[in-house]
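The next block is my_file_21.tsv, given as TSV, C-alpha atoms.
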chain	number	residue	atom	x	y	z
A	1	MET	CA	0.00	0.00	0.00
A	2	ILE	CA	1.00	3.60	-0.56
A	3	LEU	CA	0.77	6.15	2.24
A	4	VAL	CA	0.61	9.82	1.29
A	5	GLU	CA	0.49	12.99	3.36
A	6	GLU	CA	-0.15	15.79	0.88
A	7	GLY	CA	1.37	19.19	1.58
A	8	GLN	CA	1.42	22.37	-0.46
A	9	SER	CA	5.10	23.34	-0.30
A	10	PRO	CA	7.42	22.41	-3.21
A	11	LEU	CA	9.24	19.73	-1.17
A	12	ILE	CA	8.49	16.00	-1.38
A	13	LEU	CA	9.98	13.44	0.98
A	14	CYS	CA	9.98	9.92	-0.43
A	15	LEU	CA	10.57	6.96	1.92
A	16	PRO	CA	10.97	3.83	-0.23
A	17	HIS	CA	12.42	1.52	2.44
A	18	SER	CA	10.46	2.26	5.64
A	19	GLY	CA	7.67	-0.28	5.00
A	20	THR	CA	7.56	-3.50	7.03
A	21	ASP	CA	4.55	-5.35	5.56
A	22	VAL	CA	5.14	-8.74	3.96
A	23	PRO	CA	2.24	-10.68	2.36
A	24	LYS	CA	1.65	-14.02	4.07
A	25	PRO	CA	2.54	-16.15	1.01
A	26	VAL	CA	5.97	-14.46	1.07
A	27	SER	CA	6.61	-14.34	4.83
A	28	ALA	CA	5.87	-18.07	5.09
A	29	ARG	CA	8.93	-18.70	2.91
A	30	PHE	CA	11.30	-16.42	4.87
A	31	ASN	CA	13.84	-18.02	7.17
A	32	ALA	CA	14.70	-16.54	10.57
A	33	THR	CA	17.08	-14.01	9.01
A	34	GLY	CA	14.46	-12.88	6.52
A	35	ARG	CA	11.88	-12.37	9.24
A	36	LEU	CA	14.22	-9.96	11.08
A	37	GLN	CA	14.22	-7.60	8.03
A	38	ALA	CA	17.40	-5.96	9.26
A	39	ASP	CA	17.91	-3.91	6.08
A	40	LEU	CA	14.82	-1.71	6.32
A	41	SER	CA	14.80	2.01	7.10
A	42	TRP	CA	13.43	1.26	10.55
A	43	ARG	CA	11.34	3.99	12.26
A	44	LEU	CA	12.55	6.55	9.71
A	45	GLU	CA	9.11	8.12	9.36
A	46	GLN	CA	9.37	9.24	13.00
A	47	LEU	CA	12.07	11.73	12.01
A	48	PHE	CA	9.66	13.81	9.97
A	49	GLY	CA	7.00	14.76	12.50
A	50	PHE	CA	7.57	18.41	11.57
A	51	GLY	CA	6.31	17.78	8.03
A	52	THR	CA	2.87	19.30	8.59
A	53	ASP	CA	4.36	22.58	9.85
A	54	LEU	CA	6.45	22.92	6.68
A	55	GLY	CA	3.72	21.76	4.32
A	56	LEU	CA	5.77	18.76	3.16
A	57	THR	CA	4.38	16.00	1.00
A	58	VAL	CA	5.50	12.65	2.44
A	59	LEU	CA	5.15	9.52	0.30
A	60	ARG	CA	6.03	6.06	1.56
A	61	SER	CA	5.32	2.43	0.88
A	62	SER	CA	4.12	0.09	3.61
A	63	ILE	CA	5.62	-2.88	1.74
A	64	SER	CA	9.01	-4.22	2.82
A	65	ARG	CA	11.96	-3.82	0.47
A	66	TYR	CA	12.44	-7.58	0.93
A	67	VAL	CA	9.22	-8.01	-1.10
A	68	VAL	CA	10.20	-5.50	-3.78
A	69	ASP	CA	12.59	-2.56	-3.71
A	70	VAL	CA	10.77	0.42	-5.23
A	71	ASP	CA	14.08	2.27	-5.51
A	72	LYS	CA	15.39	-0.24	-8.06
A	73	ASP	CA	14.95	-0.29	-11.82
A	74	PRO	CA	12.06	-2.63	-12.79
A	75	ALA	CA	14.15	-3.73	-15.78
A	76	THR	CA	16.80	-5.21	-13.46
A	77	PRO	CA	17.50	-8.77	-14.69
A	78	LEU	CA	16.63	-11.76	-12.55
A	79	SER	CA	20.32	-12.70	-12.51
A	80	ALA	CA	20.93	-9.70	-10.20
A	81	ALA	CA	18.83	-11.25	-7.42
A	82	ALA	CA	21.94	-12.46	-5.61
A	83	ASP	CA	23.41	-8.93	-5.52
A	84	PRO	CA	21.68	-7.21	-2.58
A	85	LEU	CA	22.75	-3.75	-3.79
A	86	ALA	CA	21.12	-4.26	-7.19
A	87	ALA	CA	18.33	-6.79	-6.67
A	88	LEU	CA	14.75	-5.81	-7.37
A	89	CYS	CA	13.48	-8.62	-5.13
A	90	PRO	CA	16.50	-9.50	-2.96
A	91	VAL	CA	17.21	-13.05	-1.81
A	92	THR	CA	19.95	-12.07	0.66
A	93	THR	CA	20.55	-9.35	3.22
A	94	LEU	CA	22.94	-6.51	2.40
A	95	ASP	CA	25.73	-8.49	4.08
A	96	GLY	CA	24.99	-11.62	2.06
A	97	LYS	CA	22.86	-13.76	4.40
A	98	ARG	CA	20.04	-15.74	2.79
A	99	ILE	CA	16.49	-14.62	3.65
A	100	TYR	CA	14.46	-17.49	2.09
A	101	HIS	CA	14.27	-21.18	2.85
A	102	ASP	CA	16.07	-23.26	0.24
A	103	GLY	CA	14.18	-23.38	-3.05
A	104	GLU	CA	11.64	-20.73	-1.97
A	105	GLU	CA	13.12	-17.72	-3.79
A	106	PRO	CA	10.78	-15.77	-6.09
A	107	GLY	CA	10.83	-16.59	-9.81
A	108	PRO	CA	10.01	-14.45	-12.87
A	109	THR	CA	6.22	-14.74	-12.58
A	110	GLU	CA	6.15	-13.75	-8.92
A	111	ILE	CA	8.56	-10.86	-9.46
A	112	GLU	CA	6.31	-9.55	-12.23
A	113	GLN	CA	3.33	-9.73	-9.85
A	114	ARG	CA	5.21	-7.82	-7.18
A	115	LEU	CA	6.04	-5.13	-9.72
A	116	LEU	CA	2.40	-4.78	-10.75
A	117	LEU	CA	1.07	-4.76	-7.19
A	118	PHE	CA	3.60	-2.56	-5.44
A	119	HIS	CA	6.34	-1.03	-7.61
A	120	SER	CA	4.31	0.45	-10.49
A	121	PRO	CA	1.62	2.08	-8.29
A	122	PHE	CA	4.28	3.67	-6.10
A	123	HIS	CA	6.00	5.33	-9.04
A	124	LYS	CA	2.69	6.38	-10.55
A	125	MET	CA	1.70	8.08	-7.29
A	126	LEU	CA	5.08	9.78	-6.98
A	127	ARG	CA	4.72	11.14	-10.49
A	128	GLN	CA	1.25	12.46	-9.68
A	129	GLN	CA	2.54	14.30	-6.62
A	130	ILE	CA	5.43	15.83	-8.57
A	131	ASP	CA	3.10	16.99	-11.34
A	132	ARG	CA	0.65	18.43	-8.79
A	133	LEU	CA	3.32	20.55	-7.13
A	134	MET	CA	4.98	21.51	-10.42
A	135	ARG	CA	1.70	23.05	-11.54
A	136	ARG	CA	1.51	24.98	-8.28
A	137	HIS	CA	5.13	26.11	-7.90
A	138	GLY	CA	6.99	25.62	-11.17
A	139	ALA	CA	9.84	23.83	-9.35
A	140	VAL	CA	9.97	20.85	-6.98
A	141	VAL	CA	12.63	19.33	-4.71
A	142	LEU	CA	12.38	15.56	-4.19
A	143	VAL	CA	14.36	14.10	-1.28
A	144	ASP	CA	14.68	10.31	-1.26
A	145	CYS	CA	15.05	9.52	2.46
A	146	GLN	CA	16.63	6.24	3.57
A	147	SER	CA	18.47	4.82	6.55
A	148	MET	CA	20.90	1.96	7.05
A	149	ARG	CA	22.90	0.22	9.75
A	150	SER	CA	26.17	2.02	10.40
A	151	HIS	CA	28.38	-1.00	9.78
A	152	ILE	CA	27.55	-3.57	7.10
A	153	LYS	CA	30.29	-5.88	5.92
A	154	GLY	CA	31.09	-5.32	2.28
A	155	VAL	CA	28.83	-2.27	2.01
A	156	THR	CA	29.79	0.55	4.34
A	157	GLY	CA	33.54	-0.02	4.54
A	158	LYS	CA	34.90	1.94	7.51
A	159	GLY	CA	31.43	2.92	8.62
A	160	LEU	CA	28.54	5.05	7.42
A	161	PRO	CA	28.59	8.81	8.07
A	162	GLU	CA	25.66	9.95	10.17
A	163	LEU	CA	24.30	11.81	7.12
A	164	SER	CA	25.09	11.07	3.48
A	165	ILE	CA	23.86	13.07	0.49
A	166	GLY	CA	23.59	11.68	-3.04
A	167	THR	CA	22.99	13.75	-6.16
A	168	ALA	CA	23.96	11.31	-8.95
A	169	ASP	CA	27.36	13.02	-8.95
A	170	GLY	CA	25.68	16.40	-9.32
A	171	ALA	CA	23.40	15.46	-12.23
A	172	SER	CA	20.07	15.13	-10.41
A	173	CYS	CA	19.74	18.68	-9.06
A	174	ASN	CA	20.87	22.25	-9.57
A	175	PRO	CA	24.44	22.81	-8.28
A	176	ASP	CA	23.25	25.74	-6.17
A	177	LEU	CA	20.69	23.52	-4.44
A	178	ARG	CA	23.33	20.85	-3.86
A	179	ASN	CA	25.67	23.42	-2.32
A	180	LEU	CA	22.86	24.77	-0.13
A	181	PHE	CA	21.94	21.31	1.14
A	182	VAL	CA	25.55	20.34	1.79
A	183	GLY	CA	26.44	23.72	3.29
A	184	THR	CA	23.49	23.68	5.69
A	185	LEU	CA	24.45	20.28	7.07
A	186	SER	CA	28.25	20.42	6.92
A	187	GLY	CA	28.53	23.16	9.54
A	188	LEU	CA	26.67	21.21	12.21
A	189	LYS	CA	28.82	20.27	15.18
A	190	GLY	CA	28.98	16.56	15.94
A	191	LEU	CA	27.44	15.37	12.66
A	192	ASP	CA	29.71	13.78	10.07
A	193	LEU	CA	28.63	14.18	6.45
A	194	GLY	CA	29.34	12.33	3.21
A	195	VAL	CA	28.54	13.67	-0.27
A	196	ASP	CA	28.13	11.41	-3.33
A	197	ASP	CA	30.21	8.80	-1.55
A	198	GLN	CA	28.22	6.16	0.32
A	199	THR	CA	25.23	6.95	-1.87
A	200	ARG	CA	24.89	8.68	-5.21
A	201	GLY	CA	21.13	8.06	-5.40
A	202	GLY	CA	19.00	5.17	-6.63
A	203	PHE	CA	16.41	4.63	-9.32
A	204	ILE	CA	13.98	7.19	-7.89
A	205	VAL	CA	16.46	10.07	-8.06
A	206	ASP	CA	17.80	8.90	-11.43
A	207	SER	CA	14.26	8.69	-12.83
A	208	PHE	CA	12.71	11.89	-11.55
A	209	GLY	CA	15.67	14.21	-11.01
A	210	ARG	CA	15.40	16.54	-14.01
A	211	PRO	CA	16.86	19.91	-12.94
A	212	GLU	CA	16.54	21.32	-16.46
A	213	ARG	CA	12.77	20.80	-16.13
A	214	GLY	CA	12.48	22.09	-12.57
A	215	VAL	CA	12.54	18.79	-10.66
A	216	HIS	CA	15.56	18.47	-8.37
A	217	GLY	CA	16.29	15.08	-6.81
A	218	LEU	CA	18.55	14.30	-3.85
A	219	THR	CA	19.09	11.26	-1.66
A	220	LEU	CA	19.47	11.60	2.11
A	221	LEU	CA	20.92	8.47	3.73
A	222	ILE	CA	20.92	8.47	7.54
A	223	ALA	CA	22.97	6.09	9.69
A	224	GLN	CA	20.62	4.42	12.13
A	225	ARG	CA	22.86	5.22	15.10
A	226	ALA	CA	21.82	8.85	14.55
A	227	TYR	CA	18.25	8.18	15.73
A	228	LEU	CA	17.96	4.62	17.13
A	229	ARG	CA	19.09	3.28	20.50
A	230	HIS	CA	20.28	0.07	18.87
A	231	GLU	CA	20.62	-0.92	15.21
A	232	SER	CA	19.03	-4.31	15.88
A	233	PRO	CA	15.56	-5.61	16.88
A	234	PRO	CA	13.38	-4.05	18.13
A	235	PHE	CA	15.05	-0.96	16.55
A	236	GLU	CA	13.94	1.28	19.39
A	237	PRO	CA	13.96	5.03	18.63
A	238	ASP	CA	16.13	7.34	20.70
A	239	LYS	CA	13.93	10.31	21.62
A	240	GLY	CA	16.86	12.61	22.33
A	241	HIS	CA	18.56	11.88	19.02
A	242	ILE	CA	15.27	12.23	17.15
A	243	ALA	CA	14.63	15.64	18.73
A	244	ARG	CA	18.10	16.74	17.65
A	245	LEU	CA	17.54	15.61	14.04
A	246	HIS	CA	14.09	17.21	14.02
A	247	LYS	CA	15.71	20.59	14.57
A	248	VAL	CA	18.50	19.98	12.06
A	249	LEU	CA	16.30	18.63	9.28
A	250	SER	CA	13.46	21.12	9.72
A	251	GLU	CA	15.90	24.02	9.32
A	252	CYS	CA	17.53	22.36	6.34
A	253	PHE	CA	14.24	21.59	4.62
A	254	SER	CA	13.01	25.15	5.23
A	255	SER	CA	16.03	26.36	3.24
A	256	LEU	CA	15.25	23.92	0.43
A	257	ILE	CA	11.65	25.15	0.29
A	258	ASP	CA	12.74	28.79	0.07
A	259	TRP	CA	15.16	27.91	-2.72
A	260	ALA	CA	12.53	25.94	-4.66
A	261	GLU	CA	9.93	28.70	-4.36
A	262	GLU	CA	12.36	31.25	-5.78
A	263	ALA	CA	13.45	28.85	-8.53
A	264	GLY	CA	9.81	28.28	-9.44
A	265	ARG	CA	9.10	31.99	-9.64
A	266	GLU	CA	12.11	32.45	-11.89
A	267	ARG	CA	10.97	29.63	-14.19
A	268	LYS	CA	7.52	31.21	-14.46
A	269	ARG	CA	9.03	34.62	-15.23
A	270	MET	CA	11.17	33.10	-17.95
A	271	SER	CA	8.19	31.22	-19.36
A	272	ALA	CA	6.11	34.42	-19.43
A	273	ASP	CA	8.92	36.34	-21.16
A	274	MET	CA	9.09	33.71	-23.89
A	275	ARG	CA	5.38	33.99	-24.76
A	276	PRO	CA	4.49	36.47	-27.57
A	277	ALA	CA	2.75	39.46	-26.01
A	278	ASP	CA	-0.90	39.93	-26.98
A	279	VAL	CA	-0.51	37.70	-30.06
A	280	PRO	CA	-2.13	34.29	-29.70
A	281	HIS	CA	-0.46	31.37	-31.44
A	282	GLN	CA	-2.18	30.73	-34.74
A	283	ASP	CA	-2.67	27.04	-33.97
A	284	ALA	CA	-3.79	27.48	-30.36
A	285	PRO	CA	-7.49	27.65	-29.44
A	286	ALA	CA	-8.71	30.83	-27.78
A	287	PRO	CA	-8.97	30.67	-23.98
A	288	ASP	CA	-11.95	28.61	-22.85
A	289	ASP	CA	-12.84	27.80	-26.46
A	290	PRO	CA	-13.22	24.09	-27.14
A	291	GLY	CA	-10.61	22.52	-29.38
A	292	GLU	CA	-11.17	19.79	-31.89
A	293	ASP	CA	-11.61	17.21	-29.15
A	294	GLY	CA	-14.20	19.36	-27.35
A	295	LYS	CA	-11.88	20.17	-24.43
A	296	THR	CA	-11.02	23.71	-23.38
A	297	ALA	CA	-7.54	25.16	-23.30
A	298	SER	CA	-5.51	25.04	-20.07
A	299	HIS	CA	-6.58	27.40	-17.29
A	300	ALA	CA	-4.54	29.57	-14.99
A	301	GLY	CA	-3.01	28.04	-11.90
A	302	ASP	CA	-3.39	29.15	-8.30
A	303	ASP	CA	-1.24	32.25	-8.79
A	304	GLY	CA	-2.84	33.36	-12.03
A	305	VAL	CA	-0.06	32.07	-14.24
A	306	ALA	CA	-1.13	29.73	-17.00
A	307	GLU	CA	-0.26	26.14	-16.23
A	308	GLU	CA	2.41	24.67	-18.41
A	309	GLU	CA	1.15	21.95	-20.70
A	310	GLU	CA	4.60	20.38	-20.53
A	311	GLU	CA	4.49	17.93	-17.64
A	312	VAL	CA	7.67	16.85	-15.96
A	313	SER	CA	6.66	13.24	-16.37
A	314	ALA	CA	6.80	13.53	-20.14
A	315	GLU	CA	10.51	12.84	-20.07
A	316	ALA	CA	10.52	10.22	-17.35
A	317	PRO	CA	12.12	6.95	-18.53
A	318	ASP	CA	9.99	4.18	-19.97
A	319	THR	CA	9.47	2.04	-16.89
A	320	GLU	CA	6.76	-0.28	-15.62
A	321	ALA	CA	5.25	2.75	-13.85
A	322	ASP	CA	4.63	4.43	-17.23
A	323	ARG	CA	1.96	1.93	-18.26
A	324	ASP	CA	-1.25	2.73	-16.41
A	325	ASP	CA	-2.93	-0.44	-17.64
A	326	GLU	CA	-0.48	-2.44	-15.56
A	327	VAL	CA	-1.76	-1.02	-12.29
A	328	PRO	CA	-4.13	-3.73	-11.01
A	329	GLY	CA	-7.54	-3.13	-9.56
A	330	SER	CA	-9.65	-0.02	-9.33
A	331	GLU	CA	-9.23	0.66	-5.63
A	332	PRO	CA	-7.73	4.04	-4.57
A	333	LEU	CA	-3.95	4.01	-4.46
A	334	VAL	CA	-3.67	6.52	-1.64
A	335	LYS	CA	-4.07	5.12	1.86
A	336	GLN	CA	-3.98	7.50	4.80
A	337	GLU	CA	-3.44	4.71	7.33
A	338	ALA	CA	-0.88	1.95	7.51
A	339	ALA	CA	-1.95	-1.62	6.80
A	340	SER	CA	-3.44	-3.40	9.79
A	341	ASP	CA	-5.16	-6.68	10.57
A	342	ASN	CA	-8.35	-5.14	9.17
A	343	ASN	CA	-6.56	-3.88	6.07
A	344	PRO	CA	-3.98	-6.55	5.10
A	345	PRO	CA	-1.69	-6.27	2.09
A	346	VAL	CA	-2.97	-7.79	-1.14
A	347	PRO	CA	-1.89	-11.47	-1.21
A	348	LEU	CA	0.22	-12.67	-4.09
A	349	LEU	CA	-1.19	-15.38	-6.32
A	350	VAL	CA	1.97	-17.10	-7.41
A	351	ALA	CA	1.98	-19.43	-10.38
A	352	GLU	CA	5.57	-20.39	-11.12
Structure rendered as structure tokens:
Amino acid sequence: MILVEEGQSPLILCLPHSGTDVPKPVSARFNATGRLQADLSWRLEQLFGFGTDLGLTVLRSSISRYVVDVDKDPATPLSAAADPLAALCPVTTLDGKRIYHDGEEPGPTEIEQRLLLFHSPFHKMLRQQIDRLMRRHGAVVLVDCQSMRSHIKGVTGKGLPELSIGTADGASCNPDLRNLFVGTLSGLKGLDLGVDDQTRGGFIVDSFGRPERGVHGLTLLIAQRAYLRHESPPFEPDKGHIARLHKVLSECFSSLIDWAEEAGRERKRMSADMRPADVPHQDAPAPDDPGEDGKTASHAGDDGVAEEEEEVSAEAPDTEADRDDEVPGSEPLVKQEAASDNNPPVPLLVAE
């Protein structure tokens, strides 16, 4: 299921790895290691309790990354299943421990079902939220928020910095925004920071980060020692550490919002300057006049500026999320509450 808290500011927080739900047909095949789900972004949503005050849009999946990793490319080949850093539906933990009983790993048919049920709807909803805020502001900042254990053999080397920022080596966002984000965090006493080192960003940032079109994507990877008492079950939050990060992140995100609002105003000014004054395009229908298909021309947005017909999603890569007919069912995609015993995840019907 997809959980969305819609805000009106130009900042979206995306949490692809905070979900813990596993459909029963899958959990029954997990071994003891798989049932621990040690590689999730445990309790990460608790860091963003200030979101309402800043008008943030927060989008997260309730489904575990052990079922399907929504931050991975749906075109990832099945042969990558044994690589936990690349696998769409991993069969091992990040440090190489098996999570399924022998012979119970998902095959091609089941992986396709997981994509249709969980991966495609998540990306469709993210695109809708980006388009909604682009129409309102003209620029959007997308922060892909994740967390990880501080020390993972073969993954984190000498240890994970408390905060790591990824920008696809500077390609997923405006350099000024990158410098603002890094500069705001690098001066904080007692917090070590990594930039395009431990993370450069995953599929979400690579897919939606289009700075030339006004969508700026960044990844924020947080070491779990920065907000948990222990990086092991039951992954208990540390209230003092969370309060500290609340202050740090709220100030940082406020700066990102201010930057995005100014960037959006500048894009709208440039768009207005490029339009011929008082001379309608010869092929364009008059305002509010029906075109050939009977639909009216686009109307002005909230601030009186005509909405751009050019959606940011028009240049998104051709992924499973692009094909609306692959989204199963007609039920609403947005769920305001997490899955519970009265609202279980959709079971998989596996036919391998």
Item to complete: Please provide the set of residues having any atom within 6 Å of segment 46-57 of chain A, restricted to all atoms listed in the file, with same-chain residues fewer than 2 positions apart removed, written as a list in words.
Response: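 The residues that qualify are Glu5, Glu6, Gly7, Gln8, Ser9, Leu11, Ile12, Arg43 and Leu44 of chain A.
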Using only C-alpha atoms, determine which residues lie at most 12 Å from segment 227-236 of chain A, disregarding the query and same-chain residues fewer than 3 positions distant; provide the list as a PDB file with C-alpha atoms, keeping the file's coordinate frame.
ATOM      1  CA  THR A  33      17.080 -14.010   9.010  1.00  0.00           C
ATOM      2  CA  ARG A  35      11.880 -12.370   9.240  1.00  0.00           C
ATOM      3  CA  LEU A  36      14.220  -9.960  11.080  1.00  0.00           C
ATOM      4  CA  GLN A  37      14.220  -7.600   8.030  1.00  0.00           C
ATOM      5  CA  ALA A  38      17.400  -5.960   9.260  1.00  0.00           C
ATOM      6  CA  ASP A  39      17.910  -3.910   6.080  1.00  0.00           C
ATOM      7  CA  LEU A  40      14.820  -1.710   6.320  1.00  0.00           C
ATOM      8  CA  SER A  41      14.800   2.010   7.100  1.00  0.00           C
ATOM      9  CA  TRP A  42      13.430   1.260  10.550  1.00  0.00           C
ATOM     10  CA  ARG A  43      11.340   3.990  12.260  1.00  0.00           C
ATOM     11  CA  LEU A  44      12.550   6.550   9.710  1.00  0.00           C
ATOM     12  CA  GLU A  45       9.110   8.120   9.360  1.00  0.00           C
ATOM     13  CA  GLN A  46       9.370   9.240  13.000  1.00  0.00           C
ATOM     14  CA  LEU A  47      12.070  11.730  12.010  1.00  0.00           C
ATOM     15  CA  PHE A  48       9.660  13.810   9.970  1.00  0.00           C
ATOM     16  CA  SER A 147      18.470   4.820   6.550  1.00  0.00           C
ATOM     17  CA  MET A 148      20.900   1.960   7.050  1.00  0.00           C
ATOM     18  CA  ARG A 149      22.900   0.220   9.750  1.00  0.00           C
ATOM     19  CA  SER A 150      26.170   2.020  10.400  1.00  0.00           C
ATOM     20  CA  HIS A 151      28.380  -1.000   9.780  1.00  0.00           C
ATOM     21  CA  ILE A 152      27.550  -3.570   7.100  1.00  0.00           C
ATOM     22  CA  GLU A 162      25.660   9.950  10.170  1.00  0.00           C
ATOM     23  CA  LEU A 163      24.300  11.810   7.120  1.00  0.00           C
ATOM     24  CA  ILE A 222      20.920   8.470   7.540  1.00  0.00           C
ATOM     25  CA  ALA A 223      22.970   6.090   9.690  1.00  0.00           C
ATOM     26  CA  GLN A 224      20.620   4.420  12.130  1.00  0.00           C
ATOM     27  CA  LYS A 239      13.930  10.310  21.620  1.00  0.00           C
ATOM     28  CA  GLY A 240      16.860  12.610  22.330  1.00  0.00           C
ATOM     29  CA  HIS A 241      18.560  11.880  19.020  1.00  0.00           C
ATOM     30  CA  ILE A 242      15.270  12.230  17.150  1.00  0.00           C
ATOM     31  CA  ALA A 243      14.630  15.640  18.730  1.00  0.00           C
ATOM     32  CA  ARG A 244      18.100  16.740  17.650  1.00  0.00           C
ATOM     33  CA  LEU A 245      17.540  15.610  14.040  1.00  0.00           C
ATOM     34  CA  HIS A 246      14.090  17.210  14.020  1.00  0.00           C
TER      35      HIS A 246
END
Worksheet item: For Leu249 of chain A, which of A:Lys24, A:Ser79, A:Cys145, A:Thr93 is the closest residue, counting only C-alpha atoms?
Response: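 When distances to Leu249 of chain A are compared using only C-alpha atoms, the smallest one comes from A:Cys145.
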Worksheet item: What does the distance from atom CA of Arg210 of chain A to atom CA of Ser172 of chain A come to in Å, to one decimal?
Response: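 Atom-to-atom, atom CA of Arg210 of chain A and atom CA of Ser172 of chain A are spaced 6.1 Å apart.
Reported to one decimal place, the separation of atom CA of Gly214 of chain A from atom CA of Arg135 of chain A is 10.9 Å.
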Worksheet item: If you measure from atom CA of Cys14 of chain A to atom CA of Val68 of chain A, what distance in Å do you get, rounded to one decimal?
Response: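 The value is 15.8 Å.
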Worksheet item: Using only C-alpha atoms, which of the listed residues (A:Leu185, A:Ala139, A:Leu221, A:Ile111) sits closest to Glu266 of chain A?
Response: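 Once distances to Glu266 of chain A are computed over only C-alpha atoms, the minimum belongs to A:Ala139.
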Box dimensions and centre (Å, one decimal) enclosing segment 137-155 of chain A, axis-aligned, 6 Å extra per side, as lines of an AutoDock Vina configuration file:
center_x = 18.1
center_y = 10.1
center_z = -0.4
size_x = 38.0
size_y = 44.0
size_z = 33.6
Item to complete: Could you give me, as JSON, numbers by chain, the residues that have an atom at most 12 Å away from the point (8.7, 26.5, -9.6) in the coordinates of the file, using all atoms listed in the file?
Response: {"A": [9, 10, 11, 130, 131, 132, 133, 134, 135, 136, 137, 138, 139, 140, 141, 211, 212, 213, 214, 215, 216, 257, 258, 259, 260, 261, 262, 263, 264, 265, 266, 267, 268, 269, 270, 271, 303, 305, 307, 308, 312]}
Discussion item. For Pro161 of chain A, find every residue with an atom within 7 Å (counting only C-alpha atoms), except residues of its own chain fewer than 2 positions away, and show them as a PyMOL selection string.
Written reply: chain A and resi 159+163-164+192-194+223
Practice prompt. Give me the residues within 8 Å of Ala171 of chain A as a list in words, counting only C-alpha atoms and dropping any in the same chain fewer than 3 places off.
Written response: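 Residues meeting the cut-off are Thr167, Ala168, Asn174, Gly209 and Pro211 of chain A.
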